[in-house]
Amino acid sequence: MRILFITATRLGDAVISTGLLNYLIQAHPDARFTVVCGPVAAGLFQRMPQLDRVIVMAKRPYDLHWFDLWKQCVGTRWDLVVDLRGSAISLLLRTRARRIMRGGRRPGARIAHVGDVLSLSPPPLPVVWTSEEDRALARTILVEKDVIAFGPTANWAGKVWPAQYFVELWSCLARIFPNRKLAVFYGPGEAERSMAAPVLAIPGTIDAGGRFTLAETAAMLQRCALFIGNDSGLMHLAAAAQTPTLGLFGPSRSSEYAPSGVHAEWIAAPGPEGAASISGLKPEQVLERLLSMMSGRKETFCSLLENQELS
């Protein structure tokens, strides 16, 4: 059985789609998969089981990237095409069945829209795929387990919680958990590193960003006791890795893009959804939400909490 799975260009949307893809893998253990995605998201799928290939679709003028994709896929007779981009290409390929998600933005949780493609309710949660090599590298970067992770970057300045607020939050957490270390995660490129720089400057911080594959990053996140970060692809990756995750929201909509995971929660800046300034979300509010989240899930945070009291 051959399945073509067309997913998102953006990292966060691609992470959200992994739950549906994992459902198909489990439902069709003998199938072979071809995954189509954008360059930023390609590393998500390199370790997935039953993978034939990843087709990286870089945008071209006049939508010529879709023609390129058609040329790469038209010679195969597919058993199923799942198109989460709402494109017309699924209608131009030979396939026994097709499932197409309507394109464009609309109200409601993105993960629910993805699940609706196969009429799955509740929708399957996102996952990550890593190898032993990825996990071995993670152990060399994060020697100790139960590190606290920060994700202080995002692809839009409006979603970036002020770096000084992350510094203030760590000052509080370091007093509560004096034996824990901080790891800072961020994406590749100088812009991402510049956003993270004030937080990286905290003494003793582990630099866990910029130079790692997505699978390596996921393996590192799996070694963290907690992730606190902006609404970003890294936030979704942390939740998919089943790392307890607290997402920070300002002008982006938590009703659409809240992190989805076994231990994933979020907090939004005060104000109307879609128009609130993230700078209105203060460190003390995040700390209160965080400690409430931890107190309610002590079995999840047992290693982090140890004998320390939350107050």
# chains A, B, ... in the order shown; residues from 1 in each chain; ligands from 1
$ closest_atom_pairs --of "segment 1-108 of chain A" --to "segment 176-189 of chain A" --cutoff "12 Å" --atoms "only C-alpha atoms" --output "tab-separated table"
residue	atom	partner	partner_atom	distance
A:Leu11	CA	A:Gly187	CA	10.7
A:Val40	CA	A:Gly187	CA	9.8
A:Ala41	CA	A:Gly187	CA	11.7
$ write_last_selection --atoms "C-alpha atoms" --output "JSON list (two decimals), in the first residue's frame"
[["chain", "number", "residue", "atom", "x", "y", "z"],
["A", 11, "LEU", "CA", 6.85, 23.72, 11.54],
["A", 40, "VAL", "CA", 11.69, 23.81, 7.73],
["A", 41, "ALA", "CA", 9.60, 20.77, 8.64]]
$ select_by_dssp --residues "segment 179-286 of chain A" --states "strand (DSSP E)" --output "number ranges by chain"
A: 182-184, 206-207, 224-230, 245-249, 264-268
$ write_last_selection --atoms "C-alpha atoms" --output "PDB file, in the first residue's frame"
ATOM      1  CA  LEU A 182      18.197  25.805  32.395  1.00  0.00           C
ATOM      2  CA  ALA A 183      18.371  24.828  28.717  1.00  0.00           C
ATOM      3  CA  VAL A 184      17.482  27.346  26.013  1.00  0.00           C
ATOM      4  CA  ILE A 206      22.822  25.084  28.403  1.00  0.00           C
ATOM      5  CA  ASP A 207      22.726  26.178  24.761  1.00  0.00           C
ATOM      6  CA  CYS A 224      13.482  17.972  30.009  1.00  0.00           C
ATOM      7  CA  ALA A 225      11.140  18.095  32.982  1.00  0.00           C
ATOM      8  CA  LEU A 226       9.368  21.182  31.693  1.00  0.00           C
ATOM      9  CA  PHE A 227       9.176  23.492  28.669  1.00  0.00           C
ATOM     10  CA  ILE A 228       8.008  27.113  28.836  1.00  0.00           C
ATOM     11  CA  GLY A 229       7.965  28.956  25.540  1.00  0.00           C
ATOM     12  CA  ASN A 230       6.294  31.207  23.021  1.00  0.00           C
ATOM     13  CA  THR A 245       4.627  22.243  28.218  1.00  0.00           C
ATOM     14  CA  LEU A 246       3.327  25.706  29.055  1.00  0.00           C
ATOM     15  CA  GLY A 247       2.718  27.794  25.937  1.00  0.00           C
ATOM     16  CA  LEU A 248       2.711  31.599  26.101  1.00  0.00           C
ATOM     17  CA  PHE A 249       0.197  33.435  23.923  1.00  0.00           C
ATOM     18  CA  ALA A 264       0.363  20.531  27.535  1.00  0.00           C
ATOM     19  CA  GLU A 265      -1.233  23.742  28.812  1.00  0.00           C
ATOM     20  CA  TRP A 266      -1.167  27.428  27.922  1.00  0.00           C
ATOM     21  CA  ILE A 267      -1.600  30.939  29.291  1.00  0.00           C
ATOM     22  CA  ALA A 268      -2.635  34.014  27.331  1.00  0.00           C
TER      23      ALA A 268
END
$ closest_atom_pairs --of "segment 208-262 of chain A" --to "segment 124-127 of chain A" --cutoff "7 Å" --atoms "only C-alpha atoms" --output "tab-separated table"
residue	atom	partner	partner_atom	distance
A:Ala240	CA	A:Val127	CA	4.7
A:Ala241	CA	A:Val127	CA	6.3
A:Ser260	CA	A:Leu125	CA	6.3
A:Gly261	CA	A:Leu125	CA	6.0
$ atom_distance --atom1 "atom CA of Ala31 of chain A" --atom2 "atom CA of Trp78 of chain A"
10.7 Å
$ closest_atom_pairs --of "segment 118-193 of chain A" --to "segment 250-255 of chain A" --cutoff "10 Å" --atoms "only C-alpha atoms" --output "Markdown table"
| residue | atom | partner | partner_atom | distance |
| --- | --- | --- | --- | --- |
| A:Trp156 | CA | A:Ser252 | CA | 9.8 |
| A:Gly158 | CA | A:Pro251 | CA | 6.6 |
| A:Lys159 | CA | A:Gly250 | CA | 5.9 |
| A:Val160 | CA | A:Gly250 | CA | 8.2 |
| A:Trp161 | CA | A:Gly250 | CA | 8.1 |
$ select_by_dssp --residues "segment 30-104 of chain A" --states "helix (DSSP H, G or I)" --output "ChimeraX atom specification"
/A:39-45,61-73,89-92
$ residues_around --residues "Arg105 of chain A" --least-positions-apart "2" --cutoff "12 Å" --atoms "only C-alpha atoms" --output "count of residues only"
14
$ closest_residue --among "A:Gln46, A:Thr76, A:Ser232, A:Ser119" --to "Ala157 of chain A" --atoms "only C-alpha atoms"
A:Ser232
$ closest_residue --among "A:Gln222, A:Ala14, A:Leu24, A:Ala269" --to "Arg139 of chain A" --atoms "only C-alpha atoms"
A:Gln222
$ closest_residue --among "A:Ala258, A:Val54, A:Leu142, A:Leu4" --to "Asp79 of chain A" --atoms "only C-alpha atoms"
A:Leu4
$ residues_around --residues "Leu91 of chain A" --least-positions-apart "3" --cutoff "12 Å" --atoms "only C-alpha atoms" --output "ChimeraX atom specification"
/A:70,74,78,80-83,86-88,94-100
$ atom_distance --atom1 "atom CA of Thr213 of chain A" --atom2 "atom CA of Phe166 of chain A"
24.4 Å
$ closest_residue --among "A:Thr243, A:Pro198, A:Leu120, A:Ser171" --to "Asp146 of chain A" --atoms "only C-alpha atoms"
A:Thr243
$ atom_distance --atom1 "atom CA of Lys59 of chain A" --atom2 "atom CA of Ser17 of chain A"
19.8 Å
